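Participant: This structure is in structure tokens; I'll ask about it shortly.
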Amino acid sequence: MRPPKVAVVGIHGHGGSHLRTVAGLEARGLARLSAVVDPREPEDAAAPWFANLGDLLSAGRDALPDVVVLSTPIHTHLPLARTAMEAGIDVLLEKPTTASLAEHAELVAVAGRTGQLCQVGFQTFGSHALPAVADMIARGEIGQVTGIGAVGTWVRTAAYWARSPWAGRRRIGDRAVVDGVVTNPLAHAVATALWVGGARTTADIAYVHTDLWRANPIEADDTSSLRVVGTDGTRYGFGLTLCAAARTPARVIVRGTAGQIELEYEHDVVRLRTGRVVAEKQYERTGLLENLLAVRAGGGAGGAQSADGVPAGRGGGRLLCDVRDTGAFMRVLEAIRTAPDPAPIADAFVDWADGAADPGVVGQGNPAGDTRHPVVHDVAAWCERAALEQRTFTELGAPWTGRPSIRGA
């Protein structure tokens, strides 16, 4: 059988990683890059180039791909994914799923109506570490879970926010964009923590309390904390920033009455600490595009499994990150979208650094250009507390909030 044809839509920036993924699968005979789609024509395209998805779909039946990978601006996710699925094409859609909860509901409906597969690009859902952590919790390795948190202290430069017209925007005209630390760069921290806690659908979240701040001259949040409570009573805390002094690995932390599990999800590393055991293990990961192709072919999902109630793929397997599995994350995004605009952090609490010579800044998600970046005073420590105590920066009394500091238990 011929390998399925894959088209990549949006080939610059993060889209380049998808091209490399397809090339790796092509070398194994699992896929064939059939087209690249982008308004900017590449200098040396590895496949026929089209300026937009409509041009590709109008090029004739022989040009139609079996799968499209959409690595495009957030506010284009729904219309492009809907168009592809209505044309009979399966979709791998970059995160965040859509720009609003209403758009997410519509996308789920389109997937159900067309019968097409729609996988969302939360790569961590392919990590074999996730079911391992879930098993540890279920076995009572750390006793009763008292809270789940995520800490992300990253660095983004001025060039990052200048890379595109939608970067750092909450809206463009009447269209929601909802870019920002929680919904884009560190969205994996939120989605992964919710997965570990068993929250998949919109019905799994009782409420979301947001505390959004910014040190950059942008619309969106770059330093934020959240307190989320699941309908099962699970408490989640998030401390996330793009204004750290240095980038550190993002972590999901599960605390229990008898110990703690830490998942360094970027590297699929799990650390278990109890009164009796200190252990660390690195796990493998199943790629989301490979998983999508396997489900199409009937090879099953592998790795972490979808939520109960998600329809099986055509071959009987399950997508690792079916669009339906992102409903809980979308409840968080919706809370960000409808919250008041992020408050500026006063200059007295921010220093500006130049990361030109810092390998932890250059090439770590930051494009070439202006390497200046803001550093919020002691922000890493405040993010840690927000995650561990499930309280927001304002509730904790972080100095830039204007509230007196409160020590946690």
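Ordered as shown in the structure tokens, chains take letters A, B, and onward, while each chain numbers its residues from 1 and ligands are numbered from 1 in the order shown.
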According to DSSP computed on the backbone, where in stretch 61-258 of chain A is there strand (DSSP E or B)? Give the residues as a ChimeraX atom specification.

Facilitator: /A:67-70,90-93,118-120,127,145-153,155,171-172,175-176,205-214,223-230,235-241,243,251-256

Participant: Find the residues near stretch 274-278 of chain A: any atom within 10 Å, counting only C-alpha atoms, skip ones fewer than 4 places away on the same chain, and give them as an MDAnalysis selection string.

Facilitator: chainID A and resid 141:143 256:261

Participant: Compare A:Ala109, A:Leu388, A:Ala59, A:Met1 by their minimum atom-to-atom distance to A:Ala81, counting only C-alpha atoms, and give me the closest one.

Facilitator: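 Counting only C-alpha atoms, the residue closest to A:Ala81 is A:Ala109.
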
Participant: Within 8 Å of A:Arg391, counting only C-alpha atoms, which residues qualify if same-chain residues fewer than 5 places away don't, as a ChimeraX atom specification?

Facilitator: /A:225-227,237,385-386,396

Participant: Hey, what does DSSP flag as helix (DSSP H, G or I) within stretch 56-110 of chain A? Can you give it to me as a list in words?

Facilitator: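 Written out, the helix (DSSP H, G or I) residues of stretch 56-110 of chain A are Leu56, Leu57, Arg61, Asp62, Ala63, Ile74, His75, Thr76, His77, Leu78, Pro79, Leu80, Ala81, Arg82, Thr83, Ala84, Met85, Glu86, Leu101, Ala102, Glu103, His104, Ala105, Glu106, Leu107, Val108, Ala109 and Val110 of chain A.
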
Participant: Take the selection from the previous step and output its residues with C-alpha atoms, as a CSV table (one decimal), in the first residue's frame.

Facilitator:
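So result_27.csv came out as:
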chain,number,residue,atom,x,y,z
A,56,LEU,CA,-4.5,23.0,-2.5
A,57,LEU,CA,-8.1,21.7,-2.2
A,61,ARG,CA,-8.3,14.9,-6.5
A,62,ASP,CA,-4.8,13.6,-7.1
A,63,ALA,CA,-3.4,16.6,-5.1
A,74,ILE,CA,-4.6,30.4,16.7
A,75,HIS,CA,-7.6,32.3,15.3
A,76,THR,CA,-7.3,30.3,12.0
A,77,HIS,CA,-7.5,26.8,13.6
A,78,LEU,CA,-11.3,26.3,13.5
A,79,PRO,CA,-11.9,27.5,9.9
A,80,LEU,CA,-8.9,25.6,8.5
A,81,ALA,CA,-9.6,22.4,10.4
A,82,ARG,CA,-13.3,22.6,9.5
A,83,THR,CA,-12.5,23.1,5.8
A,84,ALA,CA,-10.1,20.1,5.8
A,85,MET,CA,-12.4,17.7,7.5
A,86,GLU,CA,-15.3,18.7,5.3
A,101,LEU,CA,-14.8,27.3,23.9
A,102,ALA,CA,-17.6,27.9,21.4
A,103,GLU,CA,-15.2,27.3,18.6
A,104,HIS,CA,-14.0,24.1,20.3
A,105,ALA,CA,-17.6,22.9,20.5
A,106,GLU,CA,-18.1,23.6,16.8
A,107,LEU,CA,-14.9,21.7,15.9
A,108,VAL,CA,-16.0,18.7,18.0
A,109,ALA,CA,-19.3,18.8,16.1
A,110,VAL,CA,-17.5,18.9,12.7

Participant: Which is closer to A:Ile218 than all the others in A:Arg175, A:Arg170, A:Arg251, A:Arg139, using only C-alpha atoms?

Facilitator: A:Arg170

Participant: Compare A:Phe329, A:Trp195, A:Trp400, A:Trp154 by their minimum atom-to-atom distance to A:Ala134, counting only C-alpha atoms, and give me the closest one.

Facilitator: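 Checking each of A:Phe329, A:Trp195, A:Trp400, A:Trp154 against A:Ala134, counting only C-alpha atoms, the winner is A:Trp195.
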
Participant: Go through A:Asp358, A:Glu395, A:Asp222, A:Asp351 one by one, measure the shortest atom-to-atom distance of each to A:Asp378 using only C-alpha atoms, and give the residue with the smallest value.

Facilitator: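 Closest to A:Asp378, using only C-alpha atoms: A:Asp351.
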
Participant: As an mmCIF file with N, CA and C atoms, in the first residue's frame, please: the residues near A:Thr392 (cut-off 12 Å, only C-alpha atoms, same-chain neighbours under 2 positions excluded).

Facilitator:
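Once written, around23.cif looks like this:
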data_model
loop_
_atom_site.group_PDB
_atom_site.id
_atom_site.type_symbol
_atom_site.label_atom_id
_atom_site.label_comp_id
_atom_site.auth_asym_id
_atom_site.auth_seq_id
_atom_site.Cartn_x
_atom_site.Cartn_y
_atom_site.Cartn_z
ATOM 1 N N GLY A 149 -0.018 20.629 40.569
ATOM 2 C CA GLY A 149 0.435 21.937 40.104
ATOM 3 C C GLY A 149 1.352 21.827 38.910
ATOM 4 N N VAL A 208 -12.432 28.143 37.262
ATOM 5 C CA VAL A 208 -11.075 28.600 36.999
ATOM 6 C C VAL A 208 -10.941 30.021 37.526
ATOM 7 N N HIS A 209 -9.939 30.245 38.363
ATOM 8 C CA HIS A 209 -9.653 31.579 38.898
ATOM 9 C C HIS A 209 -8.351 32.053 38.260
ATOM 10 N N THR A 210 -8.409 33.146 37.500
ATOM 11 C CA THR A 210 -7.241 33.634 36.773
ATOM 12 C C THR A 210 -6.605 34.829 37.480
ATOM 13 N N ASP A 211 -5.299 34.982 37.278
ATOM 14 C CA ASP A 211 -4.546 36.128 37.808
ATOM 15 C C ASP A 211 -3.477 36.439 36.765
ATOM 16 N N LEU A 212 -3.791 37.357 35.852
ATOM 17 C CA LEU A 212 -3.013 37.563 34.631
ATOM 18 C C LEU A 212 -2.207 38.859 34.709
ATOM 19 N N TRP A 213 -0.907 38.754 34.356
ATOM 20 C CA TRP A 213 -0.004 39.897 34.419
ATOM 21 C C TRP A 213 0.892 39.907 33.182
ATOM 22 N N THR A 223 3.020 36.488 32.445
ATOM 23 C CA THR A 223 3.320 36.012 33.798
ATOM 24 C C THR A 223 1.984 35.831 34.510
ATOM 25 N N SER A 224 1.575 34.595 34.703
ATOM 26 C CA SER A 224 0.221 34.363 35.207
ATOM 27 C C SER A 224 0.166 33.186 36.170
ATOM 28 N N SER A 225 -0.836 33.237 37.037
ATOM 29 C CA SER A 225 -1.128 32.124 37.933
ATOM 30 C C SER A 225 -2.601 31.794 37.825
ATOM 31 N N LEU A 226 -2.918 30.539 38.081
ATOM 32 C CA LEU A 226 -4.300 30.064 37.996
ATOM 33 C C LEU A 226 -4.572 29.130 39.157
ATOM 34 N N ARG A 227 -5.805 29.148 39.628
ATOM 35 C CA ARG A 227 -6.298 28.113 40.526
ATOM 36 C C ARG A 227 -7.497 27.473 39.851
ATOM 37 N N VAL A 228 -7.423 26.184 39.649
ATOM 38 C CA VAL A 228 -8.478 25.443 38.961
ATOM 39 C C VAL A 228 -8.969 24.348 39.893
ATOM 40 N N TYR A 236 -5.959 22.310 41.341
ATOM 41 C CA TYR A 236 -4.814 22.521 40.472
ATOM 42 C C TYR A 236 -4.285 23.937 40.677
ATOM 43 N N GLY A 237 -2.958 24.078 40.683
ATOM 44 C CA GLY A 237 -2.342 25.390 40.756
ATOM 45 C C GLY A 237 -1.300 25.544 39.666
ATOM 46 N N PHE A 238 -1.255 26.730 39.049
ATOM 47 C CA PHE A 238 -0.328 26.967 37.953
ATOM 48 C C PHE A 238 0.421 28.270 38.182
ATOM 49 N N GLY A 239 1.751 28.209 38.090
ATOM 50 C CA GLY A 239 2.596 29.391 38.122
ATOM 51 C C GLY A 239 3.445 29.400 36.868
ATOM 52 N N LEU A 240 3.162 30.323 35.944
ATOM 53 C CA LEU A 240 3.754 30.282 34.608
ATOM 54 C C LEU A 240 4.270 31.661 34.219
ATOM 55 N N TRP A 382 7.886 32.633 43.078
ATOM 56 C CA TRP A 382 6.433 32.853 43.175
ATOM 57 C C TRP A 382 5.660 31.846 42.327
ATOM 58 N N CYS A 383 6.220 31.468 41.171
ATOM 59 C CA CYS A 383 5.570 30.440 40.348
ATOM 60 C C CYS A 383 5.539 29.101 41.084
ATOM 61 N N GLU A 384 6.633 28.776 41.763
ATOM 62 C CA GLU A 384 6.690 27.529 42.523
ATOM 63 C C GLU A 384 5.613 27.511 43.606
ATOM 64 N N ARG A 385 5.473 28.612 44.318
ATOM 65 C CA ARG A 385 4.470 28.668 45.375
ATOM 66 C C ARG A 385 3.047 28.568 44.819
ATOM 67 N N ALA A 386 2.801 29.239 43.706
ATOM 68 C CA ALA A 386 1.463 29.178 43.109
ATOM 69 C C ALA A 386 1.094 27.739 42.758
ATOM 70 N N ALA A 387 2.065 26.989 42.235
ATOM 71 C CA ALA A 387 1.800 25.601 41.851
ATOM 72 C C ALA A 387 1.609 24.704 43.065
ATOM 73 N N LEU A 388 2.460 24.864 44.067
ATOM 74 C CA LEU A 388 2.435 23.962 45.223
ATOM 75 C C LEU A 388 1.284 24.261 46.177
ATOM 76 N N GLU A 389 0.893 25.527 46.272
ATOM 77 C CA GLU A 389 -0.143 25.915 47.245
ATOM 78 C C GLU A 389 -1.510 26.115 46.600
ATOM 79 N N GLN A 390 -1.567 26.030 45.267
ATOM 80 C CA GLN A 390 -2.817 26.259 44.528
ATOM 81 C C GLN A 390 -3.446 27.604 44.916
ATOM 82 N N THR A 394 -1.703 37.019 43.449
ATOM 83 C CA THR A 394 -2.356 38.039 44.274
ATOM 84 C C THR A 394 -2.712 37.485 45.639
ATOM 85 N N GLU A 395 -3.243 36.280 45.688
ATOM 86 C CA GLU A 395 -3.571 35.664 46.974
ATOM 87 C C GLU A 395 -2.326 35.448 47.834
ATOM 88 N N LEU A 396 -1.205 35.153 47.178
ATOM 89 C CA LEU A 396 0.040 34.929 47.910
ATOM 90 C C LEU A 396 0.720 36.231 48.319
ATOM 91 N N GLY A 397 0.335 37.323 47.668
ATOM 92 C CA GLY A 397 0.942 38.612 47.979
ATOM 93 C C GLY A 397 2.259 38.854 47.273
ATOM 94 N N ALA A 398 2.391 38.388 46.033
ATOM 95 C CA ALA A 398 3.582 38.713 45.246
ATOM 96 C C ALA A 398 3.703 40.232 45.164
ATOM 97 N N THR A 401 1.770 42.640 42.860
ATOM 98 C CA THR A 401 0.297 42.688 42.952
ATOM 99 C C THR A 401 -0.194 43.754 43.908
ATOM 100 N N ARG A 403 -0.331 43.450 47.095
ATOM 101 C CA ARG A 403 -0.911 42.823 48.293
ATOM 102 C C ARG A 403 0.203 42.383 49.231
ATOM 103 N N SER A 405 2.509 40.030 51.409
ATOM 104 C CA SER A 405 2.908 38.643 51.202
ATOM 105 C C SER A 405 2.343 37.755 52.306
ATOM 106 N N ILE A 406 1.905 36.548 51.895
ATOM 107 C CA ILE A 406 1.348 35.559 52.822
ATOM 108 C C ILE A 406 2.171 34.293 52.691
ATOM 109 N N GLY A 408 2.879 30.389 52.878
ATOM 110 C CA GLY A 408 2.051 29.191 52.801
ATOM 111 C C GLY A 408 2.393 28.220 53.909
#

Participant: Just want the 6 Å neighbourhood of A:Ala158, counted on only C-alpha atoms, with same-chain residues fewer than 2 positions away dropped. Output as a ChimeraX atom specification.

Facilitator: /A:160-161,370,372-373

Participant: Would you write out those residues with N, CA and C atoms, as a compact mmCIF listing (two decimals), in the first residue's frame?

Facilitator:
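And here is the file that came out, selection00.txt:
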# COMPACT_ATOMS: atom_id res chain seq x y z
N TYR A 160 10.50 37.50 19.92
CA TYR A 160 9.41 36.52 19.96
C TYR A 160 8.06 37.22 19.81
N TRP A 161 7.88 38.32 20.52
CA TRP A 161 6.60 39.02 20.46
C TRP A 161 6.42 39.80 19.17
N ASP A 370 15.81 40.92 18.13
CA ASP A 370 16.01 41.61 19.40
C ASP A 370 16.01 40.60 20.55
N ARG A 372 16.53 41.23 23.79
CA ARG A 372 16.20 41.78 25.11
C ARG A 372 14.97 41.06 25.68
N HIS A 373 14.97 40.88 27.00
CA HIS A 373 13.80 40.25 27.63
C HIS A 373 13.66 40.75 29.07

Participant: I want to know what sits within 9 Å of A:Arg200, based on only C-alpha atoms, with residues of the same chain fewer than 5 positions away left out; could you give that as a short mmCIF file (atom, residue, chain, number, x, y, z; two decimals) with C-alpha atoms, in the first residue's frame?

Facilitator:
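Saved result, part-v5.cif, follows:
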data_model
loop_
_atom_site.label_atom_id
_atom_site.label_comp_id
_atom_site.auth_asym_id
_atom_site.auth_seq_id
_atom_site.Cartn_x
_atom_site.Cartn_y
_atom_site.Cartn_z
CA ALA A 191 -3.03 20.44 29.61
CA LEU A 194 -5.22 18.37 33.86
CA TRP A 195 -4.63 15.03 32.09
CA ILE A 205 -13.81 21.53 35.43
CA SER A 306 -7.93 8.87 25.31
CA ALA A 307 -10.73 9.59 27.74
CA ARG A 324 -12.64 15.89 22.51
CA ASP A 325 -9.87 15.32 25.06
CA THR A 326 -8.99 19.02 25.09
CA GLY A 327 -12.25 20.29 26.54
CA ALA A 328 -10.85 20.74 30.06
CA PHE A 329 -7.96 22.79 28.71
#

Participant: Can you work out the spacing between atom CA of A:Val69 and atom CA of A:Asp90 in Å, to one decimal?

Facilitator: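 Atom CA of A:Asp90 lies at a distance of 8.8 Å from atom CA of A:Val69.
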
Participant: Work out how far apart atom CA of A:Asn52 and atom CA of A:Val36 are and give it in Å to one decimal.

Facilitator: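 Going from atom CA of A:Asn52 over to atom CA of A:Val36, I get 9.2 Å.
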
Participant: Quick one, how far is atom CA of A:Val120 from atom CA of A:Leu319?

Facilitator: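 We find that atom CA of A:Val120 and atom CA of A:Leu319 lie 9.2 Å from each other.
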
Participant: Which is closer to A:Ala51 than all the others in A:Ala343, A:Val178, A:Val9, A:Leu19, using only C-alpha atoms?

Facilitator: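 Smallest separation from A:Ala51 among the options: A:Val9.
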